[in-house]
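Coordinates as given in run-v6.pdb (PDB, C-alpha atoms and all ligand atoms):
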ATOM      1  CA  MET A   1       0.000   0.000   0.000
ATOM      2  CA  ASN A   2       2.741   2.406   0.890
ATOM      3  CA  THR A   3       4.543   1.488  -2.287
ATOM      4  CA  LEU A   4       1.492   2.466  -4.259
ATOM      5  CA  ILE A   5       1.218   5.814  -2.500
ATOM      6  CA  LYS A   6       4.912   6.472  -2.955
ATOM      7  CA  SER A   7       4.746   5.760  -6.649
ATOM      8  CA  LEU A   8       1.656   7.960  -7.005
ATOM      9  CA  ALA A   9       3.409  10.768  -5.195
ATOM     10  CA  PHE A  10       6.503  10.281  -7.289
ATOM     11  CA  SER A  11       4.652  10.312 -10.586
ATOM     12  CA  SER A  12       2.777  13.510  -9.709
ATOM     13  CA  VAL A  13       6.069  15.160  -8.759
ATOM     14  CA  ALA A  14       7.575  13.984 -12.026
ATOM     15  CA  ALA A  15       4.577  15.234 -14.008
ATOM     16  CA  LEU A  16       4.616  18.635 -12.352
ATOM     17  CA  SER A  17       8.380  18.905 -12.636
ATOM     18  CA  SER A  18       8.092  18.593 -16.374
ATOM     19  CA  ILE A  19       5.370  21.255 -16.388
ATOM     20  CA  GLY A  20       7.753  23.377 -14.344
ATOM     21  CA  LEU A  21      10.530  22.960 -16.891
ATOM     22  CA  SER A  22       8.353  23.956 -19.839
ATOM     23  CA  GLY A  23       6.044  26.659 -18.551
ATOM     24  CA  GLY A  24       6.386  26.728 -14.783
ATOM     25  CA  ALA A  25       7.303  30.392 -14.465
ATOM     26  CA  ALA A  26       3.702  31.571 -14.433
ATOM     27  CA  LEU A  27       2.720  28.869 -11.931
ATOM     28  CA  ALA A  28       5.498  29.696  -9.494
ATOM     29  CA  GLU A  29       5.011  33.419  -9.967
ATOM     30  CA  SER A  30       1.411  33.314  -8.808
ATOM     31  CA  ALA A  31       1.790  30.790  -6.017
ATOM     32  CA  GLY A  32       5.206  30.802  -4.378
ATOM     33  CA  THR A  33       5.940  28.139  -1.792
ATOM     34  CA  MET A  34       3.410  28.377   0.977
ATOM     35  CA  TYR A  35       3.649  27.097   4.521
ATOM     36  CA  GLN A  36       0.890  27.250   7.062
ATOM     37  CA  ALA A  37       0.789  26.813  10.829
ATOM     38  CA  ASN A  38      -2.243  26.277  13.020
ATOM     39  CA  LEU A  39      -1.464  28.073  16.250
ATOM     40  CA  THR A  40      -2.653  26.444  19.451
ATOM     41  CA  ALA A  41      -2.460  27.596  23.036
ATOM     42  CA  LEU A  42       0.537  27.177  25.306
ATOM     43  CA  ASN A  43       0.498  27.872  29.036
ATOM     44  CA  LYS A  44      -3.328  27.782  29.064
ATOM     45  CA  SER A  45      -3.383  31.145  27.292
ATOM     46  CA  GLY A  46      -6.673  30.314  25.585
ATOM     47  CA  ASP A  47      -5.239  31.957  22.436
ATOM     48  CA  SER A  48      -5.461  30.422  18.991
ATOM     49  CA  GLY A  49      -4.864  31.417  15.392
ATOM     50  CA  ASN A  50      -3.009  30.713  12.205
ATOM     51  CA  SER A  51       0.025  31.857  10.318
ATOM     52  CA  THR A  52       1.274  31.586   6.761
ATOM     53  CA  VAL A  53       4.705  32.069   5.241
ATOM     54  CA  THR A  54       4.901  32.317   1.461
ATOM     55  CA  LEU A  55       8.418  32.139   0.044
ATOM     56  CA  HIS A  56       8.701  33.937  -3.237
ATOM     57  CA  VAL A  57      11.517  35.455  -5.285
ATOM     58  CA  ASP A  58       9.862  38.880  -4.971
ATOM     59  CA  GLY A  59       9.772  38.714  -1.160
ATOM     60  CA  ASN A  60       8.531  36.456   1.590
ATOM     61  CA  LYS A  61       5.065  37.256   2.846
ATOM     62  CA  VAL A  62       4.280  36.400   6.454
ATOM     63  CA  THR A  63       0.834  36.583   8.029
ATOM     64  CA  VAL A  64      -0.124  35.875  11.629
ATOM     65  CA  ARG A  65      -3.631  36.135  13.003
ATOM     66  CA  THR A  66      -4.424  35.235  16.588
ATOM     67  CA  THR A  67      -7.483  35.721  18.749
ATOM     68  CA  SER A  68      -8.149  35.803  22.497
ATOM     69  CA  THR A  69      -4.666  37.180  23.202
ATOM     70  CA  SER A  70      -4.002  39.732  25.949
ATOM     71  CA  PRO A  71      -5.712  42.897  24.607
ATOM     72  CA  GLU A  72      -3.926  46.140  23.796
ATOM     73  CA  LEU A  73      -0.491  44.733  24.530
ATOM     74  CA  PRO A  74       2.404  43.934  22.186
ATOM     75  CA  HIS A  75       3.001  40.289  21.335
ATOM     76  CA  ALA A  76       6.523  39.207  20.426
ATOM     77  CA  GLN A  77       6.424  36.620  17.632
ATOM     78  CA  HIS A  78       9.077  34.643  15.847
ATOM     79  CA  ILE A  79       9.948  31.810  13.550
ATOM     80  CA  HIS A  80      11.895  29.453  15.791
ATOM     81  CA  ILE A  81      14.118  27.017  13.917
ATOM     82  CA  GLY A  82      16.048  23.997  15.134
ATOM     83  CA  GLY A  83      15.328  21.668  18.003
ATOM     84  CA  ARG A  84      12.826  18.950  17.181
ATOM     85  CA  ASN A  85      10.698  21.188  14.891
ATOM     86  CA  GLN A  86       7.665  20.854  17.127
ATOM     87  CA  CYS A  87       5.686  22.605  19.819
ATOM     88  CA  PRO A  88       6.403  21.702  23.445
ATOM     89  CA  THR A  89       4.047  19.837  25.728
ATOM     90  CA  THR A  90       3.776  20.283  29.497
ATOM     91  CA  ASN A  91       6.707  17.828  29.766
ATOM     92  CA  ALA A  92       8.950  20.728  28.701
ATOM     93  CA  ASP A  93       8.436  22.457  32.066
ATOM     94  CA  ALA A  94      11.928  21.513  33.277
ATOM     95  CA  ASN A  95      11.806  23.460  36.555
ATOM     96  CA  ASN A  96       8.238  22.321  37.344
ATOM     97  CA  ASP A  97       6.965  25.825  38.041
ATOM     98  CA  GLY A  98       3.811  25.248  36.025
ATOM     99  CA  PHE A  99       4.940  27.311  33.000
ATOM    100  CA  ILE A 100       6.751  26.458  29.784
ATOM    101  CA  ASP A 101       8.950  29.530  29.498
ATOM    102  CA  THR A 102      10.616  30.502  26.234
ATOM    103  CA  LYS A 103      13.917  28.791  27.050
ATOM    104  CA  GLU A 104      12.254  25.570  28.223
ATOM    105  CA  GLY A 105      10.511  25.309  24.859
ATOM    106  CA  GLU A 106      13.726  25.588  22.836
ATOM    107  CA  PRO A 107      14.606  21.878  22.745
ATOM    108  CA  ASP A 108      11.265  21.454  20.917
ATOM    109  CA  TYR A 109      10.972  24.548  18.683
ATOM    110  CA  GLY A 110      14.590  25.757  18.634
ATOM    111  CA  PRO A 111      15.905  29.286  19.143
ATOM    112  CA  VAL A 112      14.563  32.459  17.528
ATOM    113  CA  GLU A 113      15.870  32.828  13.956
ATOM    114  CA  VAL A 114      13.341  35.281  12.473
ATOM    115  CA  SER A 115      11.667  38.053  14.489
ATOM    116  CA  LEU A 116       8.281  38.920  13.007
ATOM    117  CA  THR A 117       8.502  42.635  13.739
ATOM    118  CA  THR A 118       6.275  45.311  12.185
ATOM    119  CA  THR A 119       9.198  47.510  11.043
ATOM    120  CA  GLY A 120      12.971  47.310  10.688
ATOM    121  CA  ASP A 121      15.208  44.349  11.462
ATOM    122  CA  VAL A 122      13.759  40.824  11.400
ATOM    123  CA  SER A 123      16.803  38.921  12.647
ATOM    124  CA  LYS A 124      17.191  37.170  15.999
ATOM    125  CA  ASP A 125      18.737  40.432  17.261
ATOM    126  CA  SER A 126      15.187  41.805  17.441
ATOM    127  CA  ALA A 127      13.827  38.850  19.451
ATOM    128  CA  ILE A 128      12.647  41.055  22.331
ATOM    129  CA  ALA A 129      12.217  44.370  20.517
ATOM    130  CA  VAL A 130       8.821  44.704  22.204
ATOM    131  CA  ASP A 131       8.131  48.161  20.703
ATOM    132  CA  ARG A 132       8.288  46.715  17.167
ATOM    133  CA  PHE A 133       5.904  43.795  17.596
ATOM    134  CA  PRO A 134       2.197  43.951  16.759
ATOM    135  CA  THR A 135      -0.247  45.039  19.441
ATOM    136  CA  ALA A 136      -3.529  43.229  20.004
ATOM    137  CA  ASN A 137      -6.727  45.226  19.599
ATOM    138  CA  ALA A 138      -9.272  45.681  22.397
ATOM    139  CA  ASP A 139     -10.765  42.260  21.594
ATOM    140  CA  GLY A 140      -7.381  40.530  21.833
ATOM    141  CA  THR A 141      -7.004  39.986  18.095
ATOM    142  CA  VAL A 142      -3.566  40.334  16.511
ATOM    143  CA  THR A 143      -3.418  40.807  12.755
ATOM    144  CA  TYR A 144       0.014  40.870  11.164
ATOM    145  CA  GLU A 145       1.129  40.949   7.555
ATOM    146  CA  ARG A 146       4.576  41.872   6.281
ATOM    147  CA  VAL A 147       6.817  41.098   3.332
ATOM    148  CA  ILE A 148      10.286  40.345   4.666
ATOM    149  CA  THR A 149      13.709  39.314   3.452
ATOM    150  CA  LEU A 150      14.982  36.296   5.349
ATOM    151  CA  PRO A 151      17.840  37.260   7.682
ATOM    152  CA  GLU A 152      21.362  36.227   6.771
ATOM    153  CA  GLY A 153      21.973  32.573   7.608
ATOM    154  CA  VAL A 154      18.304  31.554   7.368
ATOM    155  CA  SER A 155      17.518  29.483   4.278
ATOM    156  CA  GLU A 156      14.210  28.509   2.711
ATOM    157  CA  ASP A 157      14.812  24.960   3.953
ATOM    158  CA  ASP A 158      15.142  26.335   7.472
ATOM    159  CA  VAL A 159      11.723  27.976   7.156
ATOM    160  CA  ALA A 160      10.260  24.651   6.048
ATOM    161  CA  ASN A 161      11.251  23.332   9.485
ATOM    162  CA  GLY A 162      10.154  26.470  11.304
ATOM    163  CA  VAL A 163       7.787  26.801  14.233
ATOM    164  CA  ILE A 164       5.772  30.001  14.749
ATOM    165  CA  VAL A 165       5.584  31.109  18.383
ATOM    166  CA  GLN A 166       3.709  34.164  19.666
ATOM    167  CA  HIS A 167       4.391  35.369  23.195
ATOM    168  CA  GLY A 168       2.813  37.371  26.014
ATOM    169  CA  ILE A 169       0.087  36.463  28.528
ATOM    170  CA  SER A 170      -0.890  39.334  30.852
ATOM    171  CA  GLU A 171      -3.484  37.315  32.765
ATOM    172  CA  LEU A 172      -1.048  35.159  34.745
ATOM    173  CA  PHE A 173      -0.221  37.495  37.648
ATOM    174  CA  ASP A 174      -1.481  40.706  39.248
ATOM    175  CA  ASP A 175      -2.925  43.341  36.880
ATOM    176  CA  LYS A 176      -4.524  41.577  33.920
ATOM    177  CA  ALA A 177      -4.191  44.722  31.785
ATOM    178  CA  LYS A 178      -0.364  44.744  31.745
ATOM    179  CA  TYR A 179       2.715  42.572  31.748
ATOM    180  CA  ASP A 180       3.718  42.495  35.395
ATOM    181  CA  GLY A 181       4.303  40.137  38.325
ATOM    182  CA  GLU A 182       7.332  39.051  40.306
ATOM    183  CA  LYS A 183       8.246  36.189  38.003
ATOM    184  CA  LYS A 184      10.945  37.144  35.479
ATOM    185  CA  SER A 185      11.441  36.258  31.823
ATOM    186  CA  SER A 186      13.830  33.451  30.914
ATOM    187  CA  LEU A 187      15.185  35.715  28.155
ATOM    188  CA  LYS A 188      15.887  38.955  29.986
ATOM    189  CA  GLU A 189      15.853  39.527  33.717
ATOM    190  CA  ASP A 190      14.307  42.978  33.625
ATOM    191  CA  LEU A 191      11.253  41.750  31.722
ATOM    192  CA  PRO A 192       8.346  40.012  33.467
ATOM    193  CA  LEU A 193       7.698  36.381  32.530
ATOM    194  CA  GLU A 194       4.276  37.509  31.285
ATOM    195  CA  ALA A 195       5.844  39.565  28.465
ATOM    196  CA  THR A 196       7.775  36.705  26.888
ATOM    197  CA  VAL A 197       6.037  33.491  27.956
ATOM    198  CA  PRO A 198       4.870  31.496  24.891
ATOM    199  CA  ALA A 199       1.128  31.930  24.257
ATOM    200  CA  THR A 200       0.578  30.099  20.958
ATOM    201  CA  CYS A 201       2.651  27.742  18.841
ATOM    202  CA  GLY A 202       2.356  25.980  15.505
ATOM    203  CA  LYS A 203       4.712  24.158  13.184
ATOM    204  CA  LEU A 204       4.888  25.373   9.585
ATOM    205  CA  VAL A 205       3.706  22.739   7.112
ATOM    206  CA  ALA A 206       4.034  22.939   3.322
ATOM    207  CA  MET A 207       0.735  23.560   1.563
ATOM    208  CA  PRO A 208      -0.191  22.183  -1.849
ATOM    209  CA  THR A 209      -0.218  24.772  -4.643
ATOM    210  CA  GLY A 210      -3.395  26.811  -4.342
ATOM    211  CA  GLY A 211      -3.130  27.307  -0.600
ATOM    212  CA  ALA A 212      -4.661  25.854   2.502
ATOM    213  CA  GLY A 213      -8.067  25.217   0.983
ATOM    214  CA  ALA A 214      -6.760  23.118  -1.908
ATOM    215  CA  GLY A 215      -7.140  19.384  -2.068
ATOM    216  CA  SER A 216      -9.753  17.226  -0.459
ATOM    217  CA  GLY A 217      -9.951  15.467   2.841
ATOM    218  CA  GLY A 218      -9.704  11.754   3.201
ATOM    219  CA  VAL A 219      -6.012  11.415   3.912
ATOM    220  CA  SER A 220      -6.068   8.936   6.731
ATOM    221  CA  GLY A 221      -3.064   7.984   8.749
ATOM    222  CA  ILE A 222      -0.106  10.139   9.657
ATOM    223  CA  GLU A 223       2.301   8.030   7.647
ATOM    224  CA  ASN A 224       0.370   8.596   4.416
ATOM    225  CA  ALA A 225      -0.035  12.306   5.095
ATOM    226  CA  GLY A 226       3.724  12.560   5.574
ATOM    227  CA  ILE A 227       4.432  10.979   2.230
ATOM    228  CA  LEU A 228       1.987  13.326   0.528
ATOM    229  CA  ALA A 229       3.561  16.312   2.256
ATOM    230  CA  VAL A 230       7.022  15.294   1.037
ATOM    231  CA  GLY A 231       5.568  15.026  -2.461
ATOM    232  CA  ALA A 232       4.083  18.522  -2.249
ATOM    233  CA  ALA A 233       7.295  20.027  -0.908
ATOM    234  CA  SER A 234       9.379  18.511  -3.713
ATOM    235  CA  LEU A 235       6.849  19.691  -6.243
ATOM    236  CA  LEU A 236       6.917  23.247  -4.973
ATOM    237  CA  ALA A 237      10.695  23.231  -4.807
ATOM    238  CA  ALA A 238      10.820  22.101  -8.425
ATOM    239  CA  GLY A 239       8.476  24.930  -9.442
ATOM    240  CA  ALA A 240      10.430  27.556  -7.533
ATOM    241  CA  PHE A 241      13.681  26.343  -9.048
ATOM    242  CA  ALA A 242      12.241  26.578 -12.551
ATOM    243  CA  TYR A 243      11.082  30.126 -11.875
ATOM    244  CA  ARG A 244      14.431  31.217 -10.499
ATOM    245  CA  ARG A 245      16.219  29.837 -13.556
ATOM    246  CA  SER A 246      13.966  31.614 -15.982
ATOM    247  CA  GLY A 247      14.208  34.801 -13.894
ATOM    248  CA  ALA A 248      17.988  34.690 -14.050
ATOM    249  CA  ARG A 249      17.917  34.605 -17.813
ATOM    250  CA  SER A 250      15.640  37.579 -18.333
TER     251      SER A 250
HETATM  252 CU    CU B   1       9.401  33.263  19.968
END
Target encoding structure tokens, full file:
Amino acid sequence: MNTLIKSLAFSSVAALSSIGLSGGAALAESAGTMYQANLTALNKSGDSGNSTVTLHVDGNKVTVRTTSTSPELPHAQHIHIGGRNQCPTTNADANNDGFIDTKEGEPDYGPVEVSLTTTGDVSKDSAIAVDRFPTANADGTVTYERVITLPEGVSEDDVANGVIVQHGISELFDDKAKYDGEKKSSLKEDLPLEATVPATCGKLVAMPTGGAGAGSGGVSGIENAGILAVGAASLLAAGAFAYRRSGARS
């Protein structure tokens, strides 16, 4: 059965690769390589949302939308890369204080490699540039969209293994309207834990061409889904490569 699926995946990659070689420029130009993450709550934040990263020769578009976050406060957000390419579970709470702080999550999602700021630098140097992160509205919704250049040292393959993490939960201690409390951040001692504690997390997953809504359901079993995902990633890589080659010639 797996052999059949593998050969199906392979033949569709082969078919689309040949399309890519003949007339793939238009395809790649409109679509880019798209990754999507479903963001789920960490530290009982109650937050949720989604994020997309579209890699494209003309610029990499990143969107993040979360709801039920701490209202009217900035929310640091990053692409973490490395570790086990996954979101932590409560097992990550190494010091058993009841919170997964940013550092405790790193074995799972890796360190900050891209800071999803609203202006200026997007490298790891801006990881806690709180004044340049998006602020939630009065309802606790964060809407972010920016076209960025990947920082030096971060490749497209790195993004494919990236994990989106958004931070900040003001409701943990004391005044629920601000980041406060005695407990300090694992990143910087003069910041409260509330300002940097992970609130939502989601691993980026390659989407088939056409975006998140494309394709039908019915993929059953994680193993099969994995094979299909590998097929889609190869396919998109082939398309992007074809576009880059034709772009270089023009
Ligand atoms: Cu982060």
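Residues surrounding Asp174 (chain A) within 12 Å are Ile169, Tyr179, Asp180, Gly181, Glu182, Lys183, Pro192 and Glu194 of chain A [all atoms listed in the file; sequence separation below 5 positions excluded].
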Next item on the list: Could you give me, as a ChimeraX atom specification, every polymer residue with an atom at most 6 Å away from an atom of ligand CU 1 (chain B), counting all atoms listed in the file?
Entry: /A:77-78,112,165-166
Checklist line | From A:Tyr35, A:Ile128, A:Glu145, A:Arg65, residue lying nearest Asp157 (chain A) [all atoms listed in the file] | finding: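 Nearest to Asp157 (chain A): A:Tyr35.
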Next item on the list: For the file shown, report as a ChimeraX atom specification the outcome of the PyMOL selection byres (((chain A and resi 43-60) around 7) and not hetatm) at residue level.
Entry: /A:32-42,61-69,99-100,147-149,169,199-200
Checklist line | Residue members of the PyMOL selection byres (((chain A and resi 137-140) around 7) and not hetatm) in the file shown, as a ChimeraX atom specification | finding: /A:67-72,135-136,141-142
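The interatomic distance for the pair CA of Asp108 (chain A) and CA of Cys87 (chain A) works out to 5.8 Å.
Between CA of Ser126 (chain A) and CA of Val163 (chain A) the interatomic distance comes to 17.0 Å.
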Next item on the list: Would you work out the distance separating CA of Ile164 (chain A) from CA of Thr102 (chain A), expressed in Å to one decimal?
Entry: 12.5 Å
Notebook entry, point to check: Selected by the PyMOL selection byres (((chain A and resi 81-85) around 10) and not hetatm) in the shown coordinates: which residues, as an MDAnalysis selection string?
Noted result: chainID A and resid 78:80 86:88 105:114 154 158:164 202:204
Write the residues of the selection above to a file with C-alpha atoms, as a PDB file, in the coordinates of the input.
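Output contents, as saved in result_15.pdb:
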ATOM      1  CA  HIS A  78       9.077  34.643  15.847  1.00  0.00           C
ATOM      2  CA  ILE A  79       9.948  31.810  13.550  1.00  0.00           C
ATOM      3  CA  HIS A  80      11.895  29.453  15.791  1.00  0.00           C
ATOM      4  CA  GLN A  86       7.665  20.854  17.127  1.00  0.00           C
ATOM      5  CA  CYS A  87       5.686  22.605  19.819  1.00  0.00           C
ATOM      6  CA  PRO A  88       6.403  21.702  23.445  1.00  0.00           C
ATOM      7  CA  GLY A 105      10.511  25.309  24.859  1.00  0.00           C
ATOM      8  CA  GLU A 106      13.726  25.588  22.836  1.00  0.00           C
ATOM      9  CA  PRO A 107      14.606  21.878  22.745  1.00  0.00           C
ATOM     10  CA  ASP A 108      11.265  21.454  20.917  1.00  0.00           C
ATOM     11  CA  TYR A 109      10.972  24.548  18.683  1.00  0.00           C
ATOM     12  CA  GLY A 110      14.590  25.757  18.634  1.00  0.00           C
ATOM     13  CA  PRO A 111      15.905  29.286  19.143  1.00  0.00           C
ATOM     14  CA  VAL A 112      14.563  32.459  17.528  1.00  0.00           C
ATOM     15  CA  GLU A 113      15.870  32.828  13.956  1.00  0.00           C
ATOM     16  CA  VAL A 114      13.341  35.281  12.473  1.00  0.00           C
ATOM     17  CA  VAL A 154      18.304  31.554   7.368  1.00  0.00           C
ATOM     18  CA  ASP A 158      15.142  26.335   7.472  1.00  0.00           C
ATOM     19  CA  VAL A 159      11.723  27.976   7.156  1.00  0.00           C
ATOM     20  CA  ALA A 160      10.260  24.651   6.048  1.00  0.00           C
ATOM     21  CA  ASN A 161      11.251  23.332   9.485  1.00  0.00           C
ATOM     22  CA  GLY A 162      10.154  26.470  11.304  1.00  0.00           C
ATOM     23  CA  VAL A 163       7.787  26.801  14.233  1.00  0.00           C
ATOM     24  CA  ILE A 164       5.772  30.001  14.749  1.00  0.00           C
ATOM     25  CA  GLY A 202       2.356  25.980  15.505  1.00  0.00           C
ATOM     26  CA  LYS A 203       4.712  24.158  13.184  1.00  0.00           C
ATOM     27  CA  LEU A 204       4.888  25.373   9.585  1.00  0.00           C
TER      28      LEU A 204
END
Note to self: Ranking A:Leu150, A:Phe173, A:Leu187, A:Ser155 by minimum distance to Val122 (chain A) and counting all atoms listed in the file, which one comes first?
What the structure shows: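 Result for the nearest residue to Val122 (chain A): A:Leu150.
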Check: Counting only C-alpha atoms, which of A:Asn96, A:Ser185, A:Ser123, A:Thr90 gets nearest to His167 (chain A)?
Finding: A:Ser185
